[in-house]
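Structure first, commentary second.
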Amino acid sequence: MNIYLDIDGTIITKDLKPANGLDDFLKYITQNHQVYWLTTHCYGDVEPVINFLKPIISKNAYEHALKIKPTLWPSEKIDAIDQSEPFLWFDDYVMQNQINALRQNGLLENWIKIDLVANPNILIELVGDFPIPINDVK
């Protein structure tokens with residue numbers, strides 16, 4: 001399965017701290033899935049992502065982050081997602097037109113909304129829930 005991963009508000013808090021459970025989360029997804037950065041920090045190149053994350057995350061999380069591949073999209077994040085393959089998209093905020101596109105394609109359940117404010121332990125819970133039970137993940 002392909003995993004698409006945002007950074008701000010998803011794996012890093014708004015005050016630039018690593019989310020609880022980040023090390024185990026990155027370890028699990030990079031060892032078991034193809035993982036792609038889907039963030040404004042990455043536009044076809046992982047170097048800006050790595051440079052941003054290095055002073056924030058642990059050495060262990062950093063080693064796993066190095067395994068994540070870049071994405072490139074023309075105008076919207078959703079354009080970088082290969083919807084012909086099974087995928088999950090971890091992001092704190094998805095624009096309404098992208099939600100509508102996912103819904104139209106029967107893929108809205110593939111977006112896993114991360115809210116680190118409401119649930120600071122969500123990444124810990126997700127690792128415990130893998131594989132995430134989603135009806136017909138496409």
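Ordered as shown in the structure tokens, chains take letters A, B, and onward, while each chain numbers its residues from 1 and ligands are numbered from 1 in the order shown.
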Range 60-96 of chain A residues near range 11-28 of chain A within 7 Å, closest pair each, using only C-alpha atoms, as a Markdown table:
```
| residue | atom | partner | partner_atom | distance |
| --- | --- | --- | --- | --- |
| A:Asn60 | CA | A:Asp23 | CA | 6.4 |
| A:Ala61 | CA | A:Asp23 | CA | 4.6 |
| A:His64 | CA | A:Lys27 | CA | 5.8 |
| A:Ala65 | CA | A:Leu26 | CA | 6.8 |
```
Chain A: which residues are helix (DSSP H, G or I) by DSSP, as a PyMOL selection string? chain A and resi 22-32+47-53+59-65+77-80+96-104+108-110+122-129
Applying 12 Å and only C-alpha atoms, which residues near Asp79 in chain A remain after dropping the ones on its own chain fewer than 2 positions away? List them as a PyMOL selection string. chain A and resi 4+38+71-77+81-83+97-98+101-102
For the selection you just gave me, I'd like the residues written to a file as a CSV table (one decimal), in the first residue's frame, keeping all heavy atoms.
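File written: result-v1.csv
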```
chain,number,residue,atom,x,y,z
A,4,TYR,N,0.8,8.3,1.9
A,4,TYR,CA,1.1,9.7,1.6
A,4,TYR,C,1.0,10.5,2.9
A,4,TYR,O,0.1,10.4,3.7
A,4,TYR,CB,0.1,10.3,0.6
A,4,TYR,CG,0.2,9.6,-0.7
A,4,TYR,CD1,-0.6,8.5,-1.0
A,4,TYR,CD2,1.2,10.0,-1.7
A,4,TYR,CE1,-0.4,7.8,-2.2
A,4,TYR,CE2,1.3,9.3,-2.9
A,4,TYR,CZ,0.5,8.2,-3.1
A,4,TYR,OH,0.6,7.5,-4.3
A,38,LEU,N,3.8,14.1,1.2
A,38,LEU,CA,2.8,14.9,0.5
A,38,LEU,C,2.6,16.1,1.4
A,38,LEU,O,1.7,16.2,2.2
A,38,LEU,CB,1.5,14.0,0.4
A,38,LEU,CG,0.4,14.7,-0.5
A,38,LEU,CD1,1.0,15.0,-1.9
A,38,LEU,CD2,-0.7,13.7,-0.7
A,71,THR,N,7.1,13.6,-3.6
A,71,THR,CA,6.0,13.7,-4.6
A,71,THR,C,6.1,15.1,-5.3
A,71,THR,O,6.8,16.0,-4.8
A,71,THR,CB,4.7,13.7,-3.9
A,71,THR,OG1,4.6,14.7,-2.9
A,71,THR,CG2,4.4,12.3,-3.3
A,72,LEU,N,5.4,15.2,-6.4
A,72,LEU,CA,5.4,16.4,-7.1
A,72,LEU,C,4.0,16.5,-7.7
A,72,LEU,O,3.4,15.5,-8.2
A,72,LEU,CB,6.4,16.3,-8.3
A,72,LEU,CG,6.5,17.6,-9.2
A,72,LEU,CD1,7.1,18.7,-8.4
A,72,LEU,CD2,7.5,17.2,-10.3
A,73,TRP,N,3.4,17.7,-7.5
A,73,TRP,CA,2.0,17.8,-8.0
A,73,TRP,C,1.9,19.2,-8.7
A,73,TRP,O,2.5,20.2,-8.3
A,73,TRP,CB,1.0,17.7,-6.9
A,73,TRP,CG,1.1,18.7,-5.8
A,73,TRP,CD1,0.4,19.9,-5.7
A,73,TRP,CD2,1.9,18.7,-4.6
A,73,TRP,NE1,0.7,20.6,-4.6
A,73,TRP,CE2,1.6,19.8,-3.9
A,73,TRP,CE3,2.8,17.8,-4.1
A,73,TRP,CZ2,2.3,20.1,-2.7
A,73,TRP,CZ3,3.4,18.0,-2.9
A,73,TRP,CH2,3.2,19.2,-2.2
A,74,PRO,N,1.1,19.3,-9.7
A,74,PRO,CA,1.0,20.5,-10.5
A,74,PRO,C,0.3,21.6,-9.7
A,74,PRO,O,0.7,22.8,-9.8
A,74,PRO,CB,0.2,20.1,-11.7
A,74,PRO,CG,-0.4,18.8,-11.4
A,74,PRO,CD,0.3,18.2,-10.3
A,75,SER,N,-0.8,21.3,-9.0
A,75,SER,CA,-1.5,22.4,-8.3
A,75,SER,C,-2.1,22.0,-7.0
A,75,SER,O,-2.2,22.8,-6.1
A,75,SER,CB,-2.7,23.0,-9.2
A,75,SER,OG,-3.6,22.0,-9.5
A,76,GLU,N,-2.5,20.7,-6.9
A,76,GLU,CA,-3.2,20.2,-5.6
A,76,GLU,C,-2.5,19.0,-5.1
A,76,GLU,O,-2.1,18.1,-5.9
A,76,GLU,CB,-4.6,20.0,-5.9
A,76,GLU,CG,-5.3,21.1,-6.6
A,76,GLU,CD,-6.5,21.6,-5.8
A,76,GLU,OE1,-6.8,21.1,-4.7
A,76,GLU,OE2,-7.2,22.4,-6.4
A,77,LYS,N,-2.4,18.8,-3.8
A,77,LYS,CA,-1.8,17.6,-3.3
A,77,LYS,C,-2.4,16.3,-3.8
A,77,LYS,O,-1.7,15.4,-4.1
A,77,LYS,CB,-1.9,17.6,-1.8
A,77,LYS,CG,-1.0,18.5,-1.0
A,77,LYS,CD,-1.3,18.3,0.5
A,77,LYS,CE,-0.3,19.0,1.4
A,77,LYS,NZ,-0.6,18.7,2.8
A,81,ILE,N,-1.3,11.7,-5.7
A,81,ILE,CA,-1.7,10.4,-5.2
A,81,ILE,C,-2.1,9.5,-6.4
A,81,ILE,O,-2.9,9.9,-7.2
A,81,ILE,CB,-2.9,10.5,-4.3
A,81,ILE,CG1,-2.5,11.3,-3.0
A,81,ILE,CG2,-3.5,9.2,-3.9
A,81,ILE,CD1,-3.7,11.6,-2.1
A,82,ASP,N,-1.5,8.4,-6.4
A,82,ASP,CA,-1.8,7.3,-7.4
A,82,ASP,C,-3.1,6.6,-6.9
A,82,ASP,O,-3.0,5.7,-6.1
A,82,ASP,CB,-0.7,6.4,-7.6
A,82,ASP,CG,-0.9,5.3,-8.6
A,82,ASP,OD1,-2.1,5.2,-9.1
A,82,ASP,OD2,0.0,4.5,-8.9
A,83,GLN,N,-4.2,7.1,-7.4
A,83,GLN,CA,-5.5,6.5,-6.9
A,83,GLN,C,-5.8,5.2,-7.5
A,83,GLN,O,-6.8,4.5,-7.2
A,83,GLN,CB,-6.6,7.5,-7.2
A,83,GLN,CG,-6.4,8.8,-6.4
A,83,GLN,CD,-7.6,9.8,-6.6
A,83,GLN,OE1,-8.7,9.4,-6.8
A,83,GLN,NE2,-7.2,11.1,-6.6
A,97,ASN,N,-12.3,20.9,-2.0
A,97,ASN,CA,-12.4,20.3,-3.3
A,97,ASN,C,-11.7,19.0,-3.4
A,97,ASN,O,-12.1,18.1,-4.2
A,97,ASN,CB,-11.8,21.3,-4.4
A,97,ASN,CG,-10.4,21.6,-4.2
A,97,ASN,OD1,-9.9,21.7,-3.0
A,97,ASN,ND2,-9.7,21.9,-5.2
A,98,GLN,N,-10.7,18.8,-2.6
A,98,GLN,CA,-10.0,17.5,-2.6
A,98,GLN,C,-10.8,16.4,-1.9
A,98,GLN,O,-10.8,15.3,-2.3
A,98,GLN,CB,-8.6,17.7,-1.9
A,98,GLN,CG,-7.7,18.6,-2.8
A,98,GLN,CD,-6.4,18.8,-2.1
A,98,GLN,OE1,-5.5,17.9,-2.0
A,98,GLN,NE2,-6.2,20.0,-1.6
A,101,ALA,N,-13.3,15.4,-4.4
A,101,ALA,CA,-12.7,14.4,-5.4
A,101,ALA,C,-12.6,13.0,-4.8
A,101,ALA,O,-12.9,12.0,-5.5
A,101,ALA,CB,-11.4,15.0,-5.8
A,102,LEU,N,-12.1,13.0,-3.6
A,102,LEU,CA,-12.0,11.6,-2.9
A,102,LEU,C,-13.4,11.0,-2.8
A,102,LEU,O,-13.5,9.8,-3.1
A,102,LEU,CB,-11.3,11.8,-1.5
A,102,LEU,CG,-9.9,12.1,-1.5
A,102,LEU,CD1,-9.4,12.4,-0.1
A,102,LEU,CD2,-9.0,11.0,-2.0
```
As a PyMOL selection string, please: every residue in chain A that a backbone DSSP assignment puts in strand (DSSP E). chain A and resi 2-5+34-37+87-91+111-113
Generate the output file for the selected residues, C-alpha atoms, as a PDB file, in the first residue's frame.
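The result, written out as out-v4.pdb:
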```pdb
ATOM      1  CA  ASN A   2       1.140   3.562  -0.669  1.00  0.00           C
ATOM      2  CA  ILE A   3       1.200   5.967   2.249  1.00  0.00           C
ATOM      3  CA  TYR A   4       1.098   9.730   1.632  1.00  0.00           C
ATOM      4  CA  LEU A   5       2.293  11.763   4.583  1.00  0.00           C
ATOM      5  CA  GLN A  34       5.802   2.618   0.119  1.00  0.00           C
ATOM      6  CA  VAL A  35       5.763   6.046   1.775  1.00  0.00           C
ATOM      7  CA  TYR A  36       5.696   9.429   0.063  1.00  0.00           C
ATOM      8  CA  TRP A  37       5.946  12.966   1.418  1.00  0.00           C
ATOM      9  CA  PHE A  87      -3.329   4.131  -0.447  1.00  0.00           C
ATOM     10  CA  LEU A  88      -3.789   6.009   2.791  1.00  0.00           C
ATOM     11  CA  TRP A  89      -3.302   9.764   3.077  1.00  0.00           C
ATOM     12  CA  PHE A  90      -2.351  11.076   6.526  1.00  0.00           C
ATOM     13  CA  ASP A  91      -3.015  14.812   6.748  1.00  0.00           C
ATOM     14  CA  TRP A 111      -7.841  10.085   4.066  1.00  0.00           C
ATOM     15  CA  ILE A 112      -6.855   9.621   7.698  1.00  0.00           C
ATOM     16  CA  LYS A 113      -7.420  12.948   9.433  1.00  0.00           C
TER      17      LYS A 113
END
```
CA of Gln31 in chain A to CA of Glu63 in chain A, straight-line distance in Å: 11.7 Å
CA of Lys67 in chain A and CA of Pro55 in chain A are how many Å apart? 17.3 Å
From the options A:Thr30, A:Pro70, A:Val127, A:Ile7, which residue's atoms come nearest to Glu47 in chain A, counting only C-alpha atoms? A:Pro70
Interatomic distance, CA of Leu108 in chain A to CA of Met95 in chain A (Å, one decimal): 12.4 Å
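The smallest atom-to-atom distance between Asp115 in chain A and any of A:Ile99, A:Met1, A:Leu53, A:Asp6, using only C-alpha atoms, is found for A:Asp6.
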